[in-house]
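Asks: Quick one: structure below, then a few questions.
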Amino acid sequence: MIWLTWRQHRKQAFYTLLGMAVLAAVLVPIGVAMRNTFADLDLATCVRQLNDATVSPETRNGCDASFHRFSNQYGSLNLLAVLLITLPVLVGLFWGAPLVAREVEQGTHRFVWTQGVGRARWALVKFGLVGVGVVLVAALYGLGISWWVEPLTSAAREGRLGLIVFDLQGIVPIGYTLFAVALGIFAGTVWKRMLPAMGITLAGFIGVRAAVEILARPHYQPARTQTFPIEGDGPADIGRGDWILTQGVRNPDGTMIAEDTRIQCPSGMKGPDGRVCGAELGVEPGAYNWQLYQPADRFWLFQSIETGIFVALAALLLYLAVRRVRRIA
């Protein structure tokens with residue numbers, strides 16, 4: 001059974017490894033160039049300095065200028081990062097969806113299940129071997145992309161918890177890929193034709209990923225809040241890499257008067273008409289900036305939680321798939 005599984009999927013394995021090699025050939029030179037530029041601009045020192053509340057304004061401005069230069073040079077790679085997010089679902093489409101659906105669509109399952117190989121054993125061997133291969137590929141992908149994207153996340157204000165980059169690195173690609181493959185396998189046991197199974201896999205993967213990212217991820221841990229006055233220095237405790245969920249300007253009674261923004265004026269600054277800073281927004285004396293954020297040091301905790309969610313979903317789908325296989329005529 002193991003040998004049969006290998007013969008059936010060796011072309012898929014070859015093309016997957018070939019695709020990984022091509023991806024590495026494209027990304028490694030870009031990653032080396034980014035790291036060289038990062039070192040030439042001494043941005044590693046800037047990252048340490050900007051997390052220090054006592055850093056001088058001159059140093060802060062110089063580092064901000066260096067980060068701006070780096071972003072101007074490599075900011076367009078964010079478009080490539082968007083494409084890289086699609087790789088786990090592609091594995092689900094071309095590994096998971098055909099696993100059962102192709103056998104049933106072509107009728108070969110009748111031959112396999114009448115040759116002394118029970119349905120449960122067939123499913124466990126095939127699902128297990130494909131699952132192991134998927135984990136290895138996803139782990140290699142996650143390590144490689146983590147190395148490649150590190151300079152971009154270090155230069156970005158939101159760091160590793162930022163949108164898109166969180167999904168590319170660490171261990172979550174393993175969970176995403178396992179879920180995509182398990183969803184494809186389950187879809188193949190329900191619709192029993194390859195193209196519908198691939199369509200359901202794509203739609204289901206996008207829907208679940210979006211729901212987890214938008215609805216669940218911001219609440220894995222209670223978010224922290226910070227307030228600071230609209231006049232004077234800005235926040236001292238939020239460093240680069242912290243994920244700001246929402247922010248705004250509130251009056252002393254807590255009423256939000258301006259969302260997704262903040263006011264920062266030098267102490268005692270007044271406009272040409274003599275009004276105080278922020279008066280055009282209707283702020284009252286004692287108004288303050290308010291931020292809700294997740295600290296950067298929760299990155300690995302969030303990675304573990306999200307990976308656990310998708311691994312659990314994958315296990316549930318595989319269990320249901322095995323049960324469905326037993327009922328296929």
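Residue numbering restarts at 1 in every chain; chains get A, B, ... in the order shown in the structure tokens, and ligands count up from 1 in that same order.
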For Ser71 of chain A, work out the shell of residues within 10 Å, counting only C-alpha atoms and skipping chain neighbours fewer than 4 positions away, then give it as a tab-separated table (two decimals) with N, CA and C atoms, in the first residue's frame.

Replies:
chain	number	residue	atom	x	y	z
A	65	ALA	N	14.49	57.98	8.72
A	65	ALA	CA	14.89	58.24	7.34
A	65	ALA	C	15.50	56.99	6.70
A	66	SER	N	16.29	56.24	7.48
A	66	SER	CA	16.89	55.00	6.96
A	66	SER	C	15.83	53.95	6.68
A	67	PHE	N	14.86	53.82	7.58
A	67	PHE	CA	13.77	52.88	7.34
A	67	PHE	C	12.97	53.29	6.11
A	75	GLY	N	9.74	48.07	-0.79
A	75	GLY	CA	8.32	48.04	-0.44
A	75	GLY	C	7.47	47.30	-1.46
A	76	SER	N	7.89	47.31	-2.73
A	76	SER	CA	7.10	46.63	-3.76
A	76	SER	C	7.06	45.12	-3.57
A	77	LEU	N	7.97	44.58	-2.75
A	77	LEU	CA	7.97	43.13	-2.52
A	77	LEU	C	6.75	42.68	-1.73
A	152	LEU	N	12.09	42.76	5.98
A	152	LEU	CA	10.88	43.53	5.73
A	152	LEU	C	10.10	43.75	7.02
A	155	ALA	N	11.83	46.28	9.29
A	155	ALA	CA	11.71	47.66	8.84
A	155	ALA	C	10.30	48.20	8.97
A	156	ALA	N	9.30	47.31	9.02
A	156	ALA	CA	7.91	47.75	9.09
A	156	ALA	C	7.54	48.14	10.52

Asks: Would you return as a PyMOL selection string the members of segment 151-268 of chain A that DSSP assigns to strand (DSSP E) on this structure's backbone?

Replies: chain A and resi 224-229+243-250+256-259

Asks: Per residue of segment 113-145 of chain A within 9 Å of segment 84-98 of chain A, which atom pair is closest and at what distance in Å (one decimal), using only C-alpha atoms, listed by chain and increasing number, as a Markdown table?

Replies:
| residue | atom | partner | partner_atom | distance |
| --- | --- | --- | --- | --- |
| A:Phe127 | CA | A:Gly96 | CA | 8.9 |
| A:Val130 | CA | A:Trp95 | CA | 7.9 |
| A:Val134 | CA | A:Val91 | CA | 8.0 |
| A:Ala138 | CA | A:Pro88 | CA | 7.7 |
| A:Ile145 | CA | A:Leu84 | CA | 8.8 |

Asks: Find the residues around Arg35 of chain A up to 12 Å (only C-alpha atoms counted), leave out those fewer than 6 positions away in its own chain, and share them as a PyMOL selection string.

Replies: chain A and resi 28-29+41-44+70+74+147-155

Asks: Per DSSP on the backbone, what are the alpha helix (DSSP H) residues of segment 139-281 of chain A, as a VMD selection string?

Replies: chain A and resid 139 to 155 165 to 168 172 to 191 194 to 211

Asks: Hey, can you spit out that residue selection with C-alpha atoms as a PDB file, in the first residue's frame?

Replies:
ATOM      1  CA  ALA A 139       8.022  23.386   7.468  1.00  0.00           C
ATOM      2  CA  LEU A 140      10.664  24.009   4.803  1.00  0.00           C
ATOM      3  CA  TYR A 141       8.497  26.736   3.299  1.00  0.00           C
ATOM      4  CA  GLY A 142       7.906  28.392   6.673  1.00  0.00           C
ATOM      5  CA  LEU A 143      11.604  28.425   7.583  1.00  0.00           C
ATOM      6  CA  GLY A 144      12.623  29.762   4.191  1.00  0.00           C
ATOM      7  CA  ILE A 145      10.026  32.511   4.077  1.00  0.00           C
ATOM      8  CA  SER A 146      10.813  33.500   7.680  1.00  0.00           C
ATOM      9  CA  TRP A 147      14.424  34.062   6.662  1.00  0.00           C
ATOM     10  CA  TRP A 148      13.403  35.956   3.525  1.00  0.00           C
ATOM     11  CA  VAL A 149      10.821  38.247   5.123  1.00  0.00           C
ATOM     12  CA  GLU A 150      12.796  39.115   8.285  1.00  0.00           C
ATOM     13  CA  PRO A 151      14.304  42.390   6.936  1.00  0.00           C
ATOM     14  CA  LEU A 152      10.877  43.530   5.734  1.00  0.00           C
ATOM     15  CA  THR A 153       9.239  42.856   9.085  1.00  0.00           C
ATOM     16  CA  SER A 154      12.086  44.529  10.975  1.00  0.00           C
ATOM     17  CA  ALA A 155      11.714  47.660   8.840  1.00  0.00           C
ATOM     18  CA  VAL A 165       3.669  38.804   7.035  1.00  0.00           C
ATOM     19  CA  PHE A 166       2.299  36.937  10.074  1.00  0.00           C
ATOM     20  CA  ASP A 167       0.765  34.381   7.715  1.00  0.00           C
ATOM     21  CA  LEU A 168       4.008  33.792   5.836  1.00  0.00           C
ATOM     22  CA  VAL A 172       1.445  28.761  10.858  1.00  0.00           C
ATOM     23  CA  PRO A 173       2.163  27.690   7.236  1.00  0.00           C
ATOM     24  CA  ILE A 174       2.169  24.105   8.541  1.00  0.00           C
ATOM     25  CA  GLY A 175      -1.300  24.538   9.988  1.00  0.00           C
ATOM     26  CA  TYR A 176      -2.610  26.299   6.890  1.00  0.00           C
ATOM     27  CA  THR A 177      -1.247  23.625   4.545  1.00  0.00           C
ATOM     28  CA  LEU A 178      -2.539  20.717   6.606  1.00  0.00           C
ATOM     29  CA  PHE A 179      -5.949  22.358   6.770  1.00  0.00           C
ATOM     30  CA  ALA A 180      -6.009  22.979   3.009  1.00  0.00           C
ATOM     31  CA  VAL A 181      -5.104  19.359   2.243  1.00  0.00           C
ATOM     32  CA  ALA A 182      -7.607  17.982   4.761  1.00  0.00           C
ATOM     33  CA  LEU A 183     -10.318  20.251   3.375  1.00  0.00           C
ATOM     34  CA  GLY A 184      -9.532  19.049  -0.147  1.00  0.00           C
ATOM     35  CA  ILE A 185      -9.690  15.400   0.925  1.00  0.00           C
ATOM     36  CA  PHE A 186     -13.009  15.908   2.710  1.00  0.00           C
ATOM     37  CA  ALA A 187     -14.455  17.836  -0.231  1.00  0.00           C
ATOM     38  CA  GLY A 188     -13.444  14.948  -2.511  1.00  0.00           C
ATOM     39  CA  THR A 189     -15.367  12.464  -0.359  1.00  0.00           C
ATOM     40  CA  VAL A 190     -18.520  14.594  -0.515  1.00  0.00           C
ATOM     41  CA  TRP A 191     -18.631  15.821  -4.131  1.00  0.00           C
ATOM     42  CA  MET A 194     -12.227  16.616  -8.829  1.00  0.00           C
ATOM     43  CA  LEU A 195     -13.153  20.066 -10.169  1.00  0.00           C
ATOM     44  CA  PRO A 196     -16.062  20.665  -7.750  1.00  0.00           C
ATOM     45  CA  ALA A 197     -13.872  19.422  -4.907  1.00  0.00           C
ATOM     46  CA  MET A 198     -11.134  21.878  -5.879  1.00  0.00           C
ATOM     47  CA  GLY A 199     -13.651  24.736  -6.050  1.00  0.00           C
ATOM     48  CA  ILE A 200     -15.067  23.947  -2.616  1.00  0.00           C
ATOM     49  CA  THR A 201     -11.541  23.658  -1.228  1.00  0.00           C
ATOM     50  CA  LEU A 202     -10.607  27.094  -2.533  1.00  0.00           C
ATOM     51  CA  ALA A 203     -13.777  28.772  -1.275  1.00  0.00           C
ATOM     52  CA  GLY A 204     -13.669  27.053   2.106  1.00  0.00           C
ATOM     53  CA  PHE A 205     -10.002  27.817   2.672  1.00  0.00           C
ATOM     54  CA  ILE A 206     -10.421  31.508   1.874  1.00  0.00           C
ATOM     55  CA  GLY A 207     -13.528  31.774   4.060  1.00  0.00           C
ATOM     56  CA  VAL A 208     -12.017  30.089   7.108  1.00  0.00           C
ATOM     57  CA  ARG A 209      -8.711  31.926   6.793  1.00  0.00           C
ATOM     58  CA  ALA A 210     -10.472  35.287   6.556  1.00  0.00           C
ATOM     59  CA  ALA A 211     -12.730  34.512   9.515  1.00  0.00           C
TER      60      ALA A 211
END

Asks: Atom CA of Gln294 of chain A and atom CA of Thr255 of chain A, how far apart in Å?

Replies: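 Spanning atom CA of Thr255 of chain A to atom CA of Gln294 of chain A is a straight-line distance of 22.3 Å.
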
Asks: Fewer than 3 positions away in the same chain doesn't count, so skip those; otherwise give me all residues within 6 Å of segment 276-288 of chain A, counting only C-alpha atoms, as a PyMOL selection string.

Replies: chain A and resi 228-230+249-252+270

Asks: List the spatial neighbours of Gln291 of chain A as an MDAnalysis selection string - criterion: any atom at most 7 Å away, only C-alpha atoms, same-chain residues fewer than 3 positions off excluded.

Replies: chainID A and resid 225:227 244 246:248

Asks: Which residue, A:Trp290, A:Arg102, A:Glu306, A:Gly133, has the smallest gap to Leu17 of chain A when you use only C-alpha atoms?

Replies: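 Of the candidates, the smallest distance to Leu17 of chain A is held by A:Gly133.
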
Asks: Any idea what's packed within 9 Å of Glu105 of chain A, counting only C-alpha atoms, ignoring anything in its chain fewer than 5 positions away? Could you give it as a ChimeraX atom specification?

Replies: /A:100,192-194

Asks: Would you output that residue set with C-alpha atoms, as a PDB file, in the first residue's frame?

Replies:
ATOM      1  CA  VAL A 100     -10.205  10.717  -3.138  1.00  0.00           C
ATOM      2  CA  LYS A 192     -16.670  12.894  -5.635  1.00  0.00           C
ATOM      3  CA  ARG A 193     -15.558  14.869  -8.677  1.00  0.00           C
ATOM      4  CA  MET A 194     -12.227  16.616  -8.829  1.00  0.00           C
TER       5      MET A 194
END

Asks: Find the residues around segment 296-305 of chain A up to 7 Å (only C-alpha atoms counted), leave out those fewer than 5 positions away in its own chain, and share them as a VMD selection string.

Replies: chain A and resid 160 to 161 170 to 172 220 241 to 243

Asks: Restricting the output to N, CA and C atoms, write the selected residues as a PDB file, in the first residue's frame.

Replies:
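For reference, part33.pdb as written:
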ATOM      1  N   ARG A 160       6.354  41.663  12.927  1.00  0.00           N
ATOM      2  CA  ARG A 160       5.956  40.315  12.531  1.00  0.00           C
ATOM      3  C   ARG A 160       4.472  40.032  12.714  1.00  0.00           C
ATOM      4  N   LEU A 161       3.776  40.855  13.490  1.00  0.00           N
ATOM      5  CA  LEU A 161       2.348  40.659  13.693  1.00  0.00           C
ATOM      6  C   LEU A 161       1.508  41.338  12.622  1.00  0.00           C
ATOM      7  N   GLY A 170       7.119  31.524  10.425  1.00  0.00           N
ATOM      8  CA  GLY A 170       6.921  30.742  11.638  1.00  0.00           C
ATOM      9  C   GLY A 170       6.357  29.370  11.350  1.00  0.00           C
ATOM     10  N   ILE A 171       5.434  28.938  12.199  1.00  0.00           N
ATOM     11  CA  ILE A 171       4.863  27.592  12.084  1.00  0.00           C
ATOM     12  C   ILE A 171       3.442  27.591  11.529  1.00  0.00           C
ATOM     13  N   VAL A 172       2.827  28.765  11.356  1.00  0.00           N
ATOM     14  CA  VAL A 172       1.445  28.761  10.858  1.00  0.00           C
ATOM     15  C   VAL A 172       1.313  28.202   9.442  1.00  0.00           C
ATOM     16  N   TYR A 220      -6.820  36.564  20.537  1.00  0.00           N
ATOM     17  CA  TYR A 220      -6.144  35.416  21.135  1.00  0.00           C
ATOM     18  C   TYR A 220      -5.725  35.707  22.572  1.00  0.00           C
ATOM     19  N   GLY A 241       6.981  46.961  16.073  1.00  0.00           N
ATOM     20  CA  GLY A 241       6.559  45.562  16.076  1.00  0.00           C
ATOM     21  C   GLY A 241       5.282  45.318  16.831  1.00  0.00           C
ATOM     22  N   ASP A 242       4.819  46.262  17.648  1.00  0.00           N
ATOM     23  CA  ASP A 242       3.538  46.098  18.320  1.00  0.00           C
ATOM     24  C   ASP A 242       2.409  46.282  17.309  1.00  0.00           C
ATOM     25  N   TRP A 243       1.384  45.478  17.437  1.00  0.00           N
ATOM     26  CA  TRP A 243       0.266  45.465  16.501  1.00  0.00           C
ATOM     27  C   TRP A 243      -0.847  46.354  17.042  1.00  0.00           C
TER      28      TRP A 243
END

Asks: Grab the atom CA of Leu124 of chain A to atom CA of Leu18 of chain A distance for me, in Å with one decimal place.

Replies: 26.9 Å
